[in-house]
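Okay, structure.cif is below, mmCIF, C-alpha atoms:
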data_model
#
loop_
_atom_site.label_atom_id
_atom_site.label_comp_id
_atom_site.auth_asym_id
_atom_site.auth_seq_id
_atom_site.Cartn_x
_atom_site.Cartn_y
_atom_site.Cartn_z
CA MET A 1025 0.00 0.00 0.00
CA GLU A 1026 1.23 3.49 -0.91
CA PRO A 1027 -0.90 5.73 1.36
CA GLU A 1028 0.45 9.03 0.03
CA ARG A 1029 -0.53 8.14 -3.55
CA LYS A 1030 -3.56 6.07 -2.46
CA ARG A 1031 -2.45 3.12 -4.58
CA LEU A 1032 -2.32 -0.62 -4.07
CA THR A 1033 0.70 -1.96 -6.01
CA TRP A 1034 2.10 -5.37 -6.98
CA ASP A 1035 4.64 -7.02 -9.25
CA LEU A 1036 3.38 -8.58 -12.45
CA HIS A 1037 4.85 -11.76 -13.99
CA GLY A 1038 3.56 -14.08 -16.68
CA ASN A 1039 0.69 -13.77 -19.12
CA VAL A 1040 -1.90 -11.78 -17.13
CA SER A 1041 -4.38 -9.48 -18.88
CA GLU A 1042 -7.07 -8.62 -16.30
CA ILE A 1043 -6.88 -8.10 -12.54
CA THR A 1044 -9.72 -7.29 -10.15
CA CYS A 1045 -9.09 -5.21 -7.02
CA LEU A 1046 -11.24 -5.83 -3.95
CA ILE A 1047 -11.85 -4.06 -0.63
CA ASN A 1048 -13.08 -6.37 2.12
CA SER A 1049 -13.92 -8.96 -0.56
CA LYS A 1050 -16.02 -6.52 -2.61
CA ASP A 1051 -15.02 -5.62 -6.18
CA PHE A 1052 -14.36 -1.92 -6.71
CA THR A 1053 -12.29 -1.75 -9.93
CA LYS A 1054 -10.63 -3.73 -12.71
CA VAL A 1055 -7.30 -3.06 -14.42
CA TRP A 1056 -5.64 -4.49 -17.52
CA LYS A 1057 -1.92 -5.37 -17.65
CA SER A 1058 -1.23 -2.93 -14.82
CA THR A 1059 0.75 -3.11 -11.58
CA TYR A 1060 -1.49 -0.92 -9.41
CA CYS A 1061 -5.07 0.20 -8.74
CA SER A 1062 -6.12 3.52 -7.23
CA ILE A 1063 -8.02 3.51 -3.93
CA PRO A 1064 -10.91 6.02 -3.64
CA TYR A 1065 -9.95 6.77 -0.04
CA LEU A 1066 -8.08 4.95 2.69
CA SER A 1067 -10.10 3.94 5.70
CA CYS A 1068 -8.75 4.65 9.16
CA GLN A 1069 -9.86 1.18 10.21
CA ALA A 1070 -8.02 -2.07 9.48
CA THR A 1071 -9.20 -3.07 5.99
CA ASN A 1072 -8.44 -6.07 3.78
CA TYR A 1073 -7.24 -5.15 0.27
CA SER A 1074 -6.88 -7.98 -2.23
CA ILE A 1075 -6.25 -8.61 -5.92
CA ARG A 1076 -7.46 -11.48 -8.06
CA VAL A 1077 -6.39 -12.48 -11.56
CA THR A 1078 -9.57 -12.86 -13.64
CA LYS A 1079 -7.98 -13.40 -17.07
CA GLY A 1080 -4.79 -15.44 -17.07
CA GLN A 1081 -3.24 -17.90 -14.67
CA PRO A 1082 -5.49 -17.92 -11.56
CA PHE A 1083 -3.94 -16.10 -8.61
CA SER A 1084 -5.01 -13.98 -5.62
CA THR A 1085 -3.44 -12.36 -2.58
CA TRP A 1086 -4.27 -9.73 0.05
CA ILE A 1087 -2.87 -7.37 2.66
CA GLN A 1088 -4.35 -5.51 5.64
CA TYR A 1089 -3.99 -1.75 5.97
CA PRO A 1090 -3.61 -0.11 8.40
CA SER A 1091 -2.58 -2.74 10.90
CA GLN A 1092 -5.00 -3.34 13.75
CA GLU A 1093 -4.10 -1.36 16.88
CA GLY A 1094 -6.02 -1.34 20.14
CA ASN A 1095 -9.28 -3.00 21.09
CA PRO A 1096 -11.94 -2.53 18.35
CA ARG A 1097 -14.65 -2.57 21.05
CA ALA A 1098 -13.13 0.58 22.57
CA ALA A 1099 -13.83 2.64 19.44
CA ALA A 1100 -16.87 4.92 19.21
CA GLU A 1101 -19.99 3.00 18.16
CA ASN A 1102 -23.11 3.79 16.13
CA LEU A 1103 -21.66 6.91 14.50
CA THR A 1104 -24.55 8.78 12.84
CA CYS A 1105 -24.59 12.21 11.18
CA TRP A 1106 -27.46 14.29 9.78
CA VAL A 1107 -28.17 17.82 8.53
CA HIS A 1108 -31.19 19.51 10.11
CA ASP A 1109 -32.92 22.88 10.60
CA VAL A 1110 -31.33 24.27 7.41
CA ASP A 1111 -27.97 25.33 8.89
CA PHE A 1112 -26.91 22.60 11.32
CA LEU A 1113 -24.96 19.34 11.08
CA THR A 1114 -25.00 17.01 14.08
CA CYS A 1115 -23.04 13.78 14.62
CA SER A 1116 -23.59 11.47 17.57
CA TRP A 1117 -21.99 8.23 18.74
CA ALA A 1118 -21.90 5.89 21.73
CA VAL A 1119 -18.93 5.13 23.98
CA GLY A 1120 -17.28 1.84 23.05
CA ARG A 1121 -18.49 -1.09 25.16
CA GLU A 1122 -14.93 -1.94 26.28
CA ALA A 1123 -13.49 1.57 26.29
CA PRO A 1124 -11.34 2.59 29.30
CA ARG A 1125 -12.81 5.04 31.81
CA ASP A 1126 -10.57 7.91 30.68
CA VAL A 1127 -11.39 7.56 26.99
CA GLN A 1128 -12.05 10.77 25.07
CA TYR A 1129 -13.31 11.16 21.52
CA SER A 1130 -12.85 13.89 18.90
CA LEU A 1131 -14.47 14.30 15.47
CA TYR A 1132 -13.51 16.00 12.24
CA LEU A 1133 -14.86 16.13 8.70
CA GLU A 1134 -12.79 15.53 5.59
CA ASN A 1135 -13.54 16.35 1.95
CA LEU A 1136 -12.58 13.17 0.08
CA ASP A 1137 -11.80 15.12 -3.10
CA SER A 1138 -9.66 17.96 -1.74
CA TYR A 1139 -8.83 16.35 1.66
CA GLU A 1140 -9.66 19.61 3.42
CA LYS A 1141 -10.55 19.01 7.07
CA TRP A 1142 -12.89 20.71 9.56
CA PRO A 1143 -12.54 19.88 13.27
CA CYS A 1144 -15.57 19.96 15.55
CA SER A 1145 -15.86 23.13 17.64
CA GLN A 1146 -18.85 22.27 19.87
CA TYR A 1147 -19.13 18.97 21.74
CA THR A 1148 -21.77 17.51 24.02
CA ALA A 1149 -20.47 15.17 26.76
CA ASP A 1150 -22.14 12.46 28.83
CA GLU A 1151 -22.16 12.25 32.64
CA GLN A 1152 -18.56 10.99 32.69
CA GLY A 1153 -17.37 13.93 30.57
CA THR A 1154 -16.82 11.84 27.43
CA ASN A 1155 -17.74 13.52 24.15
CA VAL A 1156 -20.70 11.77 22.52
CA GLN A 1157 -22.00 14.43 20.12
CA CYS A 1158 -20.73 17.23 17.87
CA ARG A 1159 -22.55 20.09 16.15
CA PHE A 1160 -21.56 22.36 13.26
CA HIS A 1161 -23.55 25.61 13.12
CA ASN A 1162 -22.96 26.75 9.53
CA ILE A 1163 -22.95 24.03 6.91
CA SER A 1164 -22.74 26.57 4.06
CA VAL A 1165 -18.94 26.67 4.59
CA LEU A 1166 -18.62 22.88 4.40
CA SER A 1167 -18.10 20.78 1.29
CA LYS A 1168 -21.04 19.44 -0.71
CA ASP A 1169 -18.85 16.64 -2.10
CA GLN A 1170 -18.36 13.20 -0.58
CA THR A 1171 -17.46 13.80 3.07
CA ARG A 1172 -15.88 11.51 5.64
CA PHE A 1173 -16.94 11.75 9.30
CA LEU A 1174 -14.17 10.40 11.50
CA VAL A 1175 -14.05 9.93 15.29
CA ASN A 1176 -10.66 9.31 16.92
CA GLY A 1177 -10.21 8.12 20.48
CA THR A 1178 -7.47 8.68 23.05
CA SER A 1179 -6.62 7.12 26.40
CA SER A 1180 -3.63 7.27 28.71
CA GLY A 1181 -3.32 3.49 28.97
CA SER A 1182 -4.16 2.10 25.53
CA LYS A 1183 -4.66 2.91 21.88
CA ILE A 1184 -8.23 3.54 20.73
CA PRO A 1185 -9.21 2.61 17.15
CA CYS A 1186 -11.10 5.12 15.03
CA SER A 1187 -14.68 5.04 13.75
CA GLU A 1188 -15.83 6.53 10.46
CA THR A 1189 -18.58 6.86 7.91
CA SER A 1190 -18.89 8.82 4.67
CA ASP A 1191 -21.67 10.39 2.63
CA LYS A 1192 -22.76 13.55 0.86
CA LEU A 1193 -24.40 16.17 3.08
CA ALA A 1194 -27.34 16.38 0.67
CA LYS A 1195 -28.12 12.70 1.24
CA ILE A 1196 -28.24 12.99 5.03
CA GLU A 1197 -30.29 16.19 5.23
CA VAL A 1198 -33.58 16.07 7.13
CA LEU A 1199 -35.61 18.92 5.65
CA ALA A 1200 -37.23 21.47 7.94
CA ALA A 1201 -41.01 21.82 8.00
CA PRO A 1202 -42.34 23.91 5.08
CA ASN A 1203 -43.11 27.55 5.87
CA VAL A 1204 -46.51 28.70 4.58
CA THR A 1205 -45.93 32.06 2.86
CA SER A 1206 -49.37 32.85 1.38
CA ARG A 1207 -52.94 31.63 1.88
CA TRP A 1208 -56.46 32.85 1.10
CA CYS A 1209 -59.80 31.53 -0.08
CA ASN A 1210 -63.39 32.39 -0.93
CA GLN A 1211 -66.48 30.34 -1.66
CA SER A 1212 -65.19 29.15 -5.05
CA TYR A 1213 -61.40 29.02 -4.70
CA LEU A 1214 -58.62 28.15 -2.20
CA PHE A 1215 -54.92 28.94 -2.57
CA MET A 1216 -51.96 28.08 -0.30
CA GLN A 1217 -48.24 28.50 -1.04
CA TRP A 1218 -45.20 27.40 0.99
CA GLN A 1219 -41.39 27.40 0.94
CA VAL A 1220 -38.70 24.91 2.00
CA LYS A 1221 -35.22 26.23 2.79
CA SER A 1222 -32.05 24.23 2.14
CA HIS A 1223 -28.39 24.96 1.35
CA LEU A 1224 -27.98 21.53 -0.25
CA ASN A 1225 -31.14 20.69 -2.18
CA ASP A 1226 -33.54 22.54 -4.47
CA ASP A 1227 -35.67 19.70 -5.86
CA PHE A 1228 -38.41 18.72 -3.42
CA LYS A 1229 -41.37 16.39 -3.20
CA TYR A 1230 -44.33 17.28 -0.97
CA GLU A 1231 -46.96 15.31 0.86
CA LEU A 1232 -50.25 17.00 1.72
CA GLN A 1233 -52.64 15.83 4.39
CA MET A 1234 -56.08 17.33 3.76
CA GLN A 1235 -59.47 17.07 5.42
CA LYS A 1236 -62.70 18.59 4.12
CA GLY A 1237 -65.11 19.39 6.92
CA THR A 1238 -65.72 16.26 8.99
CA GLU A 1239 -64.80 13.85 6.18
CA PRO A 1240 -61.87 11.44 6.71
CA ALA A 1241 -58.43 12.97 6.07
CA TYR A 1242 -56.50 11.88 2.99
CA LYS A 1243 -52.95 12.33 1.63
CA GLU A 1244 -51.62 13.44 -1.73
CA GLU A 1245 -48.07 13.72 -3.09
CA ILE A 1246 -47.15 16.62 -5.41
CA TYR A 1247 -44.03 18.35 -6.78
CA LYS A 1248 -45.32 21.93 -6.89
CA ALA A 1249 -45.01 24.27 -3.90
CA PHE A 1250 -48.63 25.44 -3.86
CA LEU A 1251 -52.16 24.08 -3.52
CA GLU A 1252 -55.28 25.11 -5.45
CA LEU A 1253 -58.80 23.82 -4.77
CA ASN A 1254 -62.16 24.69 -6.32
CA ASN A 1255 -65.30 25.04 -4.20
CA PRO A 1256 -63.35 24.19 -1.06
CA GLY A 1257 -65.81 24.86 1.75
CA THR A 1258 -64.08 24.14 5.09
CA TYR A 1259 -60.62 22.60 4.81
CA THR A 1260 -57.70 21.68 7.09
CA VAL A 1261 -54.32 21.24 5.40
CA ARG A 1262 -50.73 20.52 6.43
CA VAL A 1263 -47.65 19.71 4.32
CA ARG A 1264 -44.20 18.11 4.67
CA ALA A 1265 -41.27 17.68 2.28
CA ARG A 1266 -38.35 15.48 1.32
CA ASP A 1267 -35.60 15.57 -1.28
CA ALA A 1268 -36.99 14.36 -4.61
CA THR A 1269 -33.60 13.13 -5.83
CA PHE A 1270 -33.14 10.64 -2.98
CA SER A 1271 -36.82 10.10 -2.17
CA HIS A 1272 -36.54 6.32 -2.54
CA TYR A 1273 -34.73 6.04 0.81
CA LYS A 1274 -34.83 9.40 2.58
CA PRO A 1275 -37.56 9.93 5.20
CA TRP A 1276 -40.14 12.72 5.15
CA GLY A 1277 -39.38 15.86 7.14
CA PRO A 1278 -41.67 17.16 9.90
CA TRP A 1279 -45.20 18.42 9.20
CA SER A 1280 -46.02 22.09 8.94
CA VAL A 1281 -48.54 23.72 11.27
CA HIS A 1282 -52.14 22.87 10.41
CA GLN A 1283 -53.76 25.48 8.15
CA HIS A 1284 -57.53 25.83 8.71
CA PHE A 1285 -59.67 27.38 5.94
CA VAL A 1286 -63.31 28.48 6.23
CA CYS A 1287 -64.27 29.42 2.67
CA GLU A 1288 -68.08 29.31 2.75
CA ASP A 1289 -68.88 33.06 3.12
CA GLU A 1290 -67.99 34.62 -0.20
CA LYS A 1291 -69.16 38.10 0.88
CA GLY A 1292 -66.72 38.09 3.72
CA ALA A 1293 -63.86 36.79 1.63
CA ARG A 1294 -60.95 39.13 1.16
CA LEU A 1295 -58.24 39.18 -1.41
CA PRO A 1296 -54.63 39.06 -0.20
CA VAL A 1297 -53.11 42.43 0.68
CA TRP A 1298 -50.55 42.17 -2.13
CA LEU A 1299 -53.28 41.47 -4.70
CA THR A 1300 -55.45 44.33 -3.44
CA SER A 1301 -52.49 46.74 -3.65
CA LEU A 1302 -51.71 45.58 -7.16
CA LEU A 1303 -55.29 46.11 -8.35
CA ILE A 1304 -55.38 49.64 -6.84
CA ALA A 1305 -52.11 50.53 -8.56
CA LEU A 1306 -53.36 49.23 -11.91
CA GLY A 1307 -56.63 51.15 -11.57
CA THR A 1308 -54.78 54.39 -10.81
CA LEU A 1309 -52.49 53.86 -13.80
CA LEU A 1310 -55.42 53.23 -16.15
CA ILE A 1311 -57.17 56.43 -15.02
CA ALA A 1312 -54.01 58.49 -15.57
CA VAL A 1313 -53.52 57.00 -19.04
CA GLY A 1314 -57.16 57.83 -19.87
CA PHE A 1315 -56.70 61.51 -18.96
CA VAL A 1316 -53.52 61.71 -21.05
CA LEU A 1317 -55.28 60.22 -24.07
CA LEU A 1318 -58.21 62.67 -23.74
CA PHE A 1319 -55.86 65.65 -23.53
CA CYS A 1320 -53.90 64.47 -26.56
CA ARG A 1321 -57.12 63.98 -28.56
CA PHE A 1322 -58.36 67.51 -27.76
CA SER A 1323 -55.00 69.03 -28.73
CA VAL A 1324 -54.95 67.16 -32.06
CA MET A 1325 -58.54 68.27 -32.89
CA GLN A 1326 -57.62 71.89 -32.21
CA LYS A 1327 -54.73 71.68 -34.65
CA LEU A 1328 -56.71 69.89 -37.36
CA PHE A 1329 -59.87 72.07 -37.06
CA PRO A 1330 -58.98 75.58 -35.77
CA PRO A 1331 -61.95 77.89 -34.89
CA ILE A 1332 -63.38 80.02 -37.80
CA PRO A 1333 -64.07 83.76 -37.23
CA HIS A 1334 -67.82 84.69 -37.37
CA MET A 1335 -69.52 87.61 -39.24
CA LYS A 1336 -71.80 90.14 -37.59
CA ASP A 1337 -75.50 89.56 -38.21
CA HIS A 1338 -76.56 92.95 -39.74
CA ILE A 1339 -80.23 92.05 -39.82
CA ASN A 1340 -80.56 91.27 -36.15
CA GLY A 1341 -77.78 93.57 -35.06
CA LYS A 1342 -76.19 90.80 -33.05
CA LEU A 1343 -72.72 89.34 -33.05
CA GLN A 1344 -72.42 85.66 -33.79
CA ASN A 1345 -70.66 84.14 -30.79
CA GLY A 1346 -69.93 87.67 -29.58
CA ARG A 1347 -67.30 88.53 -32.19
CA THR A 1348 -67.16 91.06 -35.15
CA MET A 1349 -65.18 91.03 -38.37
CA THR A 1350 -64.60 94.34 -40.16
CA TRP A 1351 -63.85 95.00 -43.83
CA ASP A 1352 -62.03 97.92 -45.45
CA PRO A 1353 -64.78 100.33 -46.67
CA ASP A 1354 -62.53 101.93 -49.29
CA GLN A 1355 -62.39 98.83 -51.42
CA ASP A 1356 -64.20 99.26 -54.79
CA SER A 1357 -65.39 95.75 -54.80
CA GLN A 1358 -65.88 93.31 -52.03
CA GLU A 1359 -65.33 90.42 -54.33
CA GLU A 1360 -62.01 88.63 -54.43
CA CYS A 1361 -60.70 90.89 -51.65
CA PRO A 1362 -58.34 89.30 -49.11
CA VAL A 1363 -58.73 90.21 -45.50
CA ALA A 1364 -56.10 92.72 -44.60
CA GLU A 1365 -56.82 92.96 -40.90
CA VAL A 1366 -59.05 91.31 -38.33
CA GLN A 1367 -59.80 93.42 -35.30
CA VAL A 1368 -61.95 92.75 -32.24
CA LEU A 1369 -64.13 95.85 -31.73
CA GLY A 1370 -65.88 94.83 -28.64
CA GLU A 1371 -68.49 92.58 -27.22
CA THR A 1372 -72.18 93.27 -26.54
#
Starting from the coordinates I provided, produce the structure as structure tokens.
Amino acid sequence: MEPERKRLTWDLHGNVSEITCLINSKDFTKVWKSTYCSIPYLSCQATNYSIRVTKGQPFSTWIQYPSQEGNPRAAAENLTCWVHDVDFLTCSWAVGREAPRDVQYSLYLENLDSYEKWPCSQYTADEQGTNVQCRFHNISVLSKDQTRFLVNGTSSGSKIPCSETSDKLAKIEVLAAPNVTSRWCNQSYLFMQWQVKSHLNDDFKYELQMQKGTEPAYKEEIYKAFLELNNPGTYTVRVRARDATFSHYKPWGPWSVHQHFVCEDEKGARLPVWLTSLLIALGTLLIAVGFVLLFCRFSVMQKLFPPIPHMKDHINGKLQNGRTMTWDPDQDSQEECPVAEVQVLGET
């Protein structure tokens, strides 16, 4: 084993074309006419690595790495990690059944691609003062790649083997209960919308539990983050979520608070505040546009059809529309004579 290069190597002799590499008797890769295979990551626990010739003269051999040190029953047991409440990662474990009284455990995370490590900064101890839980408060700074969770043990009198597990944070997230962001209804229509927060997932599946009046409750699974019902009457609804990508094995998150709708009185129904504000703004805008169009129409009509001056009615002695037009009396003929001057004499 070459731990720095994460390679299992061997010497090759004879006519061998295909070799299978195994970890604890499980196949993980095959190589052809090669003298090594790459290991995805090296476990901290004693592991059996073996090779087997699958095409050529039959042959197999194995080694153990690292060598077993200390009592395996002194290592931390039942190591479990999960992401919860959007921002938190918690890992818990039990004290080894044969661990010495002064045993102490410590945990760190490791990115299996970059090998960056994050030590635990907040522990919870049992009555004997032994660490049995760790919490990270801001998972947004952690890696979303494959992560190893490793617990080491120390004691003054003996060596304590490690315990470990690995997974992606997205796979171990327990989603928080959905937060209902909008809801309203009237006699003919019900609407409810919700939101699920996560730093790791954005594809969710939802389960609704609904009850109409006193009828038996029923469940329905959907992928959209809202509910619409026609002619709802009285309804009680709650919703929970889980990651749609890993829904075949991940559990549902907790239920939201029950939402109770009484939608029978249409006269008393009210639109949401945001919708009411939007309708008021649109109405105001339409009125303003109407006034602008009317003003523009009046201005265009004035330019196309300017007012025509009116003649004085000599028979009745009255001005038409209160205005008088005068003509030059010295003209020999009043035919084909252009108007030289228009003057307002007065109004009666």
Fill in: Given the PyMOL selection byres ((chain A and resi 1239) around 12), the residues it picks as a PyMOL selection string
chain A and resi 1234-1238+1240-1242+1257-1260
Discussion item. When you count all atoms listed in the file, which of these residues is closest to Val1156 of chain A: A:Asn1203, A:Ser1049, A:Gln1283, A:Ser1116?
Written reply: A:Ser1116
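Considering only C-alpha atoms, the residue among A:Ser1187, A:Ser1062, A:Ser1179, A:Thr1154 positioned nearest to Ala1100 of chain A is A:Ser1187.
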Item to complete: Write out as a list in words the residues lying within 10 Å of Gly1038 of chain A, counting only C-alpha atoms and excluding same-chain residues fewer than 2 positions away.
Response: Leu1036, Val1040, Ser1041, Gly1080 and Gln1081 of chain A
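Within the 8 Å cut-off around Asn1048 of chain A, using only C-alpha atoms and omitting residues fewer than 6 positions from it on the same chain, the listed residues are Thr1071, Asn1072, Tyr1073 and Ser1074 of chain A.
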Worksheet, complete the sentence: Between atom CA of Phe1083 of chain A and atom CA of His1037 of chain A lies a distance of 11.2 Å
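Excluding segment 1084-1099 of chain A itself and same-chain residues fewer than 4 positions from it, the residues having an atom within 8 Å of it are Met1025, Cys1068, Gln1069, Ala1070, Thr1071, Asn1072, Tyr1073, Ser1074, Ile1075, Arg1076, Val1077, Val1119, Gly1120, Arg1121, Glu1122, Ala1123, Pro1124, Asn1176, Gly1177, Ser1182, Lys1183, Ile1184, Pro1185, Cys1186 and Ser1187 of chain A, counting all atoms listed in the file.
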Worksheet item: So how far away is atom CA of Leu1032 of chain A from atom CA of Pro1064 of chain A, in Å?
Response: 10.9 Å
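The gap separating atom CA of Phe1112 of chain A from atom CA of Phe1160 of chain A is 5.7 Å, in Å to one decimal.
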Env of Val1204 of chain A: 9 Å cut, atoms = all atoms listed in the file, seq-sep filter 5 positions within chain, self excluded. Answer as a tab-separated table (two decimals) with C-alpha atoms, in the coordinates of the input.
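In the end it all went to part38.tsv:
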chain	number	residue	atom	x	y	z
A	1216	MET	CA	-51.96	28.08	-0.30
A	1217	GLN	CA	-48.24	28.50	-1.04
A	1218	TRP	CA	-45.20	27.40	0.99
A	1219	GLN	CA	-41.39	27.40	0.94
A	1280	SER	CA	-46.02	22.09	8.94
A	1281	VAL	CA	-48.54	23.72	11.27
A	1283	GLN	CA	-53.76	25.48	8.15
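Residues captured in this structure file are Tyr1129, Ser1130, Tyr1132, Leu1133, Pro1143, Cys1144, Cys1158, Phe1173, Leu1174, Val1175 and Asn1176 of chain A, according to the PyMOL selection byres ((chain A and resi 1131) around 8).
You can rank A:Ile1311, A:Ala1305, A:Val1127, A:Leu1066 by their closest distance to Tyr1139 of chain A using only C-alpha atoms, and at the top of that list sits A:Leu1066.
Distances from A:Ile1063, A:Val1220, A:Phe1285, A:Asp1150 to Asn1255 of chain A were compared using only C-alpha atoms, and the smallest one belongs to A:Phe1285.
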Discussion item. Going by the chain IDs and residue numbers used in this file, which residues fall under the PyMOL selection byres ((chain A and resi 1107) around 12)? Write them as a PyMOL selection string.
Written reply: chain A and resi 1104-1106+1108-1116+1158-1164+1166+1168+1191-1200+1222-1225+1277
